[in-house]
Amino acid sequence: MTRVFIDGEAGTTGLGIRDRLRALPVEVLSIDPAKRKDPQARLEMMQAADIVVLCLPDDAAREAVALAAGLDNVKILDASTAHRVAADWEYGFPELDSAQADRIASARHVANPGCYPTGVIGLLRPLVDAGLVPADHPITINAVSGYSGGGRSEIEAHEAHGGPAFELYGLGLEHKHVPEIMAYAGLKRRPLFVPSIGHFAQGMIVSIPLQLADLPGYVRVSDIEACLRAYYEGSDYVSLASADLARLDAAALADRDEMALRVHGNEKWRHVLLTASLDNLGKGAAGAALQNIRLMGGIKD
Ligand SMILES: NC(=O)C1=CN([C@@H]2O[C@H](COP(=O)(O)OP(=O)(O)OC[C@H]3O[C@@H](n4cnc5c(N)ncnc54)[C@H](OP(=O)(O)O)[C@@H]3O)[C@@H](O)[C@H]2O)C=CC1
Ligand SMILES: CC(=O)N[C@@H](CCC(=O)OP(=O)(O)O)C(=O)O
């Protein structure tokens, strides 16, 4: 049976993964809570594991990878931002293209995607690959996340003090997710990324407006829909959902591991709003980690 050690098991993402692992035929190796930051104790857990899942802040994740350097038979899945665009790491978004799930299955090091990038890449990669959106097109990404996206400190701030209701952040326009978004959405021009956080626990909407008149050729709303529908046909986790709704609830997919993409279009004005709805802790973190653990461990059921 595959043995899994979650380094950072007591954190937000770690707990989500541990809960989901109950449904898999794996043995979860848990560290003595008093020793959870002790390098020697963590190394011993890693030595006993087949897959180590890192649910740590970025610097601690880098240290954990260094700690595991000599363990050639151990696979590592890192949920942090530390290795998402690193050479020698596979990107853990199985829907990226038709070969990505096989690449993840045979990789030793896999980086679990960021929550916002999951939405952006899910929407844009198929359109860039198809040539409907040029790689150097000026793109703006607006996004809102539940406060659990900020980890334990943000959760405590919202639950103890009740707010704020809604905040824009990342206003220096240097968010850590931009390199990852560019690398895997296939963008050559840096997009403007405007994240925000709302006073709700879980859920996320990523939205990307497109002026169809600014795209090359004559792209219709239906071309965008057809491209996304075909790309994700047969996927268990990503789908093109109906855009026949007047409002979109950011928490609609809380506690779910799927991601719903939508194309809200108005052909008269040649306007499109692309949206991705997901749970930042589901397809944006622990749900994606489960997909990757299944692939890395060769777990079929
Ligand atoms: N929250 C989210 O929506 C998402 C988070 N992620 C990523 O997952 C990672 C974890 O985030 P999240 O779960 O939200 O964060 P949390 O703050 O909730 O959890 C982090 C955990 O790591 C522990 N920890 C910190 N330093 C060390 C160390 N040196 N050794 C062992 N354990 C340590 C913390 O313990 P203590 O609290 O005692 O310091 C805590 O239990 C981050 O890199 C984040 O980017 C990925 C996708 C989405
Ligand atoms: C709301 C909030 O604070 N979100 C975090 C992103 C979540 C995270 O750090 O994890 P991933 O990088 O794996 O997505 C942020 O913007 O830094």
# chains A, B, ... in the order shown; residues from 1 in each chain; ligands from 1

$ select_by_dssp --residues "segment 20-149 of chain A" --states "strand (DSSP E or B)" --output "VMD selection string"
chain A and resid 26 to 29 51 to 54 75 to 78 90 to 91 109 to 111 140 to 146

$ write_last_selection --atoms "C-alpha atoms" --output "PDB file, in the first residue's frame"
ATOM      1  CA  VAL A  26      -3.090   4.551   1.163  1.00  0.00           C
ATOM      2  CA  GLU A  27      -1.413   4.571   4.558  1.00  0.00           C
ATOM      3  CA  VAL A  28      -0.991   8.085   5.956  1.00  0.00           C
ATOM      4  CA  LEU A  29       2.108   8.426   8.133  1.00  0.00           C
ATOM      5  CA  ILE A  51       5.086  10.004  -1.470  1.00  0.00           C
ATOM      6  CA  VAL A  52       5.850  13.126   0.594  1.00  0.00           C
ATOM      7  CA  VAL A  53       3.330  15.965   0.264  1.00  0.00           C
ATOM      8  CA  LEU A  54       4.617  19.395   1.287  1.00  0.00           C
ATOM      9  CA  LYS A  75       8.290  11.114  -4.747  1.00  0.00           C
ATOM     10  CA  ILE A  76       7.518  14.681  -3.670  1.00  0.00           C
ATOM     11  CA  LEU A  77       4.353  16.679  -4.304  1.00  0.00           C
ATOM     12  CA  ASP A  78       4.809  20.325  -3.260  1.00  0.00           C
ATOM     13  CA  GLU A  90       6.432  18.591 -13.375  1.00  0.00           C
ATOM     14  CA  TYR A  91       3.358  20.821 -13.169  1.00  0.00           C
ATOM     15  CA  HIS A 109       8.944  15.959  -8.273  1.00  0.00           C
ATOM     16  CA  VAL A 110       5.514  17.444  -8.900  1.00  0.00           C
ATOM     17  CA  ALA A 111       4.388  21.004  -8.099  1.00  0.00           C
ATOM     18  CA  THR A 140      -6.426  41.391 -17.380  1.00  0.00           C
ATOM     19  CA  ILE A 141      -7.341  38.826 -14.726  1.00  0.00           C
ATOM     20  CA  ASN A 142      -9.768  39.761 -11.954  1.00  0.00           C
ATOM     21  CA  ALA A 143     -10.210  37.255  -9.175  1.00  0.00           C
ATOM     22  CA  VAL A 144     -11.810  36.854  -5.780  1.00  0.00           C
ATOM     23  CA  SER A 145     -10.933  34.189  -3.224  1.00  0.00           C
ATOM     24  CA  GLY A 146     -12.410  33.077   0.067  1.00  0.00           C
TER      25      GLY A 146
END

$ select_by_dssp --residues "segment 20-173 of chain A" --states "alpha helix (DSSP H)" --output "PyMOL selection string"
chain A and resi 20-21+39-47+58-67+100-106+115-129+151-161

$ write_last_selection --atoms "N, CA and C atoms" --output "compact mmCIF listing (two decimals), in the first residue's frame"
# COMPACT_ATOMS: atom_id res chain seq x y z
N ARG A 20 -9.22 13.98 2.47
CA ARG A 20 -9.54 13.32 1.19
C ARG A 20 -8.85 11.97 1.05
N LEU A 21 -7.67 11.82 1.69
CA LEU A 21 -6.94 10.55 1.57
C LEU A 21 -7.68 9.39 2.22
N PRO A 39 13.61 18.71 12.08
CA PRO A 39 14.10 18.16 10.82
C PRO A 39 14.40 16.66 10.88
N GLN A 40 15.00 16.19 11.99
CA GLN A 40 15.34 14.76 12.07
C GLN A 40 14.08 13.89 12.07
N ALA A 41 13.08 14.33 12.84
CA ALA A 41 11.82 13.56 12.89
C ALA A 41 11.13 13.57 11.53
N ARG A 42 11.17 14.70 10.83
CA ARG A 42 10.54 14.79 9.50
C ARG A 42 11.29 13.91 8.50
N LEU A 43 12.64 13.90 8.59
CA LEU A 43 13.43 13.05 7.69
C LEU A 43 13.06 11.58 7.89
N GLU A 44 12.89 11.18 9.15
CA GLU A 44 12.53 9.78 9.41
C GLU A 44 11.18 9.43 8.79
N MET A 45 10.23 10.37 8.85
CA MET A 45 8.92 10.12 8.22
C MET A 45 9.08 10.03 6.69
N MET A 46 9.90 10.90 6.14
CA MET A 46 10.11 10.89 4.68
C MET A 46 10.73 9.56 4.24
N GLN A 47 11.69 9.06 5.05
CA GLN A 47 12.35 7.80 4.70
C GLN A 47 11.37 6.64 4.66
N ASP A 58 6.60 28.62 1.47
CA ASP A 58 7.60 28.39 0.41
C ASP A 58 9.00 28.06 0.94
N ASP A 59 9.50 28.85 1.89
CA ASP A 59 10.87 28.61 2.37
C ASP A 59 10.98 27.25 3.05
N ALA A 60 9.98 26.92 3.84
CA ALA A 60 10.00 25.62 4.52
C ALA A 60 9.91 24.48 3.50
N ALA A 61 9.20 24.71 2.39
CA ALA A 61 9.11 23.68 1.34
C ALA A 61 10.48 23.48 0.68
N ARG A 62 11.20 24.58 0.45
CA ARG A 62 12.56 24.45 -0.13
C ARG A 62 13.45 23.66 0.82
N GLU A 63 13.35 23.96 2.12
CA GLU A 63 14.17 23.24 3.11
C GLU A 63 13.79 21.76 3.13
N ALA A 64 12.51 21.46 3.00
CA ALA A 64 12.07 20.06 3.03
C ALA A 64 12.62 19.29 1.83
N VAL A 65 12.67 19.95 0.68
CA VAL A 65 13.20 19.28 -0.53
C VAL A 65 14.70 19.01 -0.32
N ALA A 66 15.41 19.96 0.30
CA ALA A 66 16.83 19.74 0.57
C ALA A 66 17.01 18.58 1.56
N LEU A 67 16.12 18.52 2.53
CA LEU A 67 16.17 17.44 3.54
C LEU A 67 16.01 16.07 2.87
N GLN A 100 -0.11 15.35 -20.02
CA GLN A 100 0.34 15.82 -18.71
C GLN A 100 0.12 14.79 -17.60
N ALA A 101 -0.99 14.06 -17.66
CA ALA A 101 -1.24 13.06 -16.60
C ALA A 101 -0.13 12.01 -16.61
N ASP A 102 0.33 11.58 -17.78
CA ASP A 102 1.42 10.59 -17.85
C ASP A 102 2.73 11.18 -17.33
N ARG A 103 2.95 12.47 -17.63
CA ARG A 103 4.19 13.12 -17.14
C ARG A 103 4.17 13.16 -15.61
N ILE A 104 3.01 13.47 -15.04
CA ILE A 104 2.89 13.52 -13.57
C ILE A 104 3.12 12.14 -12.98
N ALA A 105 2.54 11.13 -13.63
CA ALA A 105 2.65 9.76 -13.11
C ALA A 105 4.10 9.29 -13.06
N SER A 106 4.93 9.75 -13.99
CA SER A 106 6.31 9.24 -13.99
C SER A 106 7.31 10.22 -13.37
N CYS A 115 -4.02 28.23 -6.69
CA CYS A 115 -5.47 28.29 -6.84
C CYS A 115 -5.87 29.24 -7.97
N TYR A 116 -5.36 30.46 -7.97
CA TYR A 116 -5.72 31.38 -9.06
C TYR A 116 -5.20 30.87 -10.41
N PRO A 117 -3.94 30.42 -10.48
CA PRO A 117 -3.46 29.93 -11.78
C PRO A 117 -4.32 28.79 -12.34
N THR A 118 -4.87 27.96 -11.45
CA THR A 118 -5.72 26.86 -11.94
C THR A 118 -6.86 27.41 -12.79
N GLY A 119 -7.50 28.49 -12.30
CA GLY A 119 -8.59 29.10 -13.06
C GLY A 119 -8.11 29.76 -14.34
N VAL A 120 -7.02 30.52 -14.24
CA VAL A 120 -6.53 31.26 -15.42
C VAL A 120 -6.05 30.28 -16.50
N ILE A 121 -5.25 29.31 -16.10
CA ILE A 121 -4.68 28.38 -17.07
C ILE A 121 -5.80 27.54 -17.68
N GLY A 122 -6.74 27.12 -16.83
CA GLY A 122 -7.89 26.35 -17.34
C GLY A 122 -8.63 27.10 -18.43
N LEU A 123 -8.77 28.41 -18.27
CA LEU A 123 -9.50 29.21 -19.27
C LEU A 123 -8.64 29.54 -20.49
N LEU A 124 -7.40 29.95 -20.25
CA LEU A 124 -6.63 30.54 -21.36
C LEU A 124 -5.82 29.54 -22.18
N ARG A 125 -5.29 28.53 -21.54
CA ARG A 125 -4.39 27.63 -22.27
C ARG A 125 -5.02 27.07 -23.56
N PRO A 126 -6.27 26.58 -23.49
CA PRO A 126 -6.87 26.05 -24.73
C PRO A 126 -7.01 27.13 -25.81
N LEU A 127 -7.34 28.36 -25.39
CA LEU A 127 -7.58 29.44 -26.36
C LEU A 127 -6.27 29.91 -26.99
N VAL A 128 -5.20 29.91 -26.18
CA VAL A 128 -3.89 30.30 -26.71
C VAL A 128 -3.38 29.19 -27.64
N ASP A 129 -3.51 27.94 -27.21
CA ASP A 129 -3.07 26.82 -28.06
C ASP A 129 -3.78 26.81 -29.40
N GLY A 151 -4.45 31.02 4.21
CA GLY A 151 -3.92 30.11 5.23
C GLY A 151 -4.41 30.47 6.63
N ARG A 152 -3.75 29.86 7.61
CA ARG A 152 -4.24 29.95 8.99
C ARG A 152 -4.34 31.37 9.52
N SER A 153 -3.36 32.20 9.20
CA SER A 153 -3.36 33.55 9.78
C SER A 153 -4.55 34.36 9.25
N GLU A 154 -4.85 34.21 7.96
CA GLU A 154 -5.98 34.95 7.36
C GLU A 154 -7.31 34.40 7.90
N ILE A 155 -7.37 33.10 8.07
CA ILE A 155 -8.60 32.49 8.61
C ILE A 155 -8.86 33.03 10.02
N GLU A 156 -7.80 33.06 10.82
CA GLU A 156 -7.97 33.54 12.20
C GLU A 156 -8.40 35.01 12.20
N ALA A 157 -7.80 35.81 11.32
CA ALA A 157 -8.13 37.23 11.26
C ALA A 157 -9.61 37.41 10.91
N HIS A 158 -10.11 36.64 9.93
CA HIS A 158 -11.51 36.80 9.51
C HIS A 158 -12.47 36.23 10.55
N GLU A 159 -12.10 35.09 11.15
CA GLU A 159 -13.06 34.46 12.05
C GLU A 159 -13.06 35.14 13.42
N ALA A 160 -11.94 35.72 13.81
CA ALA A 160 -11.92 36.40 15.11
C ALA A 160 -12.44 37.82 15.01
N HIS A 161 -12.20 38.48 13.87
CA HIS A 161 -12.52 39.92 13.80
C HIS A 161 -13.61 40.26 12.80

$ residues_near_ligand --ligand "ligand 2" --cutoff "8 Å" --atoms "only C-alpha atoms and all ligand atoms" --output "VMD selection string"
chain A and resid 79 to 81 112 to 117 144 to 151 154 169 to 170 175 to 177 195 to 197 280 284 to 285

$ closest_residue --among "A:Arg190, A:Lys37, A:Arg294, A:Arg262" --to "ligand 1" --atoms "only C-alpha atoms and all ligand atoms"
A:Lys37

$ residues_around --residues "segment 274-279 of chain A" --least-positions-apart "5" --cutoff "7 Å" --atoms "only C-alpha atoms" --output "list in words"
Gly119, Leu123, Gln202, Gly203, Met204, Ile205, Val206, Ser207, Ile208, Pro209, Ala250, Leu253, Ala254, Asp255, Arg256, Asp257, Glu258, Met259, Ala260, Leu261, Arg262, Val263, His264 and Gly284 of chain A

$ closest_residue --among "A:Ala288, A:Met296, A:Leu240, A:Ala23" --to "ligand 1" --atoms "only C-alpha atoms and all ligand atoms"
A:Ala288

$ residues_around --residues "Val74 of chain A" --least-positions-apart "3" --cutoff "7 Å" --atoms "only C-alpha atoms" --output "JSON, numbers by chain"
{"A": [49, 50, 51, 71]}

$ closest_residue --among "A:Val4, A:Ile224, A:Ala243, A:Cys55" --to "ligand 1" --atoms "only C-alpha atoms and all ligand atoms"
A:Cys55
